[in-house]
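Following: one structure in structure tokens, then a few remarks.
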Amino acid sequence: MAQQSTHRRVYRPGTVLLAAALLAAALSVMPELANGQPHPRRNDQFKHQVELMEQAWRTAELNADVAAMDKLLSNDFVGITMTGQVVTKMQQLERLRRRTTVLSKLDLKDEHVKLIGMTAVVTSLAEVEGSSEGVPMHGTFRYTRVYSRQPSGTWQITNFEATRVGPPLQQPPNERGSGPGGPNPHTGEGGPHPDVPGSL
């Protein structure tokens, strides 16, 4: 009668520790892979990196530093200027090289960085002074800049838009002085209609 041989599996302490370490690493990465978001502990690090990029962009603009701007902008960059023009990376670099727009002041405040996976959306309020095509220019603008984190770990600007901040839109006067948006003829009360641009 053949005897059945029994083998006892021996677990070595080093193997068990290695397996535990790999499991812990996998569990720490799973939430990030599941929702496409960086680990919460990395958010502050990423935001700080983007904030440094914002400073580098501002310095490159003020100094007309084409080489620095070339590194900051992605190859598929698309920008919308304060006059509504759409520019590519090459066009933006050429504008900088030719000093089409010269900035003497570019103060950024009210800056917010929003992370969406490996993308960062930055909004800010900019006080700008300088000249465009030799014509003096100054004003307040809302800036929106979109950064994308590259596989190398660096961030690049993929999109930019500038919107001039102007006075609030005024409600057109009501010819009769009554009705929606006009004062009540009996009480004298009333206000802007919700559907009128500029209403709150």
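Here's how to read the names in the structure tokens: chain A, B, ... by the order shown, residue numbers from 1 in each chain, ligand numbers from 1 in the order shown.
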DSSP helix (DSSP H, G or I) residues within region 66-184 of chain A, listed as a ChimeraX atom specification: /A:66-72,89-97
Residues within 10 Å of region 127-132 of chain A, only C-alpha atoms, excluding chain neighbours under 6 positions, as a ChimeraX atom specification: /A:62,99-109,138-142
Distance query region 46-59 of chain A at most 12 Å, only C-alpha atoms, self and fewer than 3 positions along chain excluded, as an MDAnalysis selection string: chainID A and resid 37:43 62:73 103:109 111:124 126:128 143:149 153:157 160
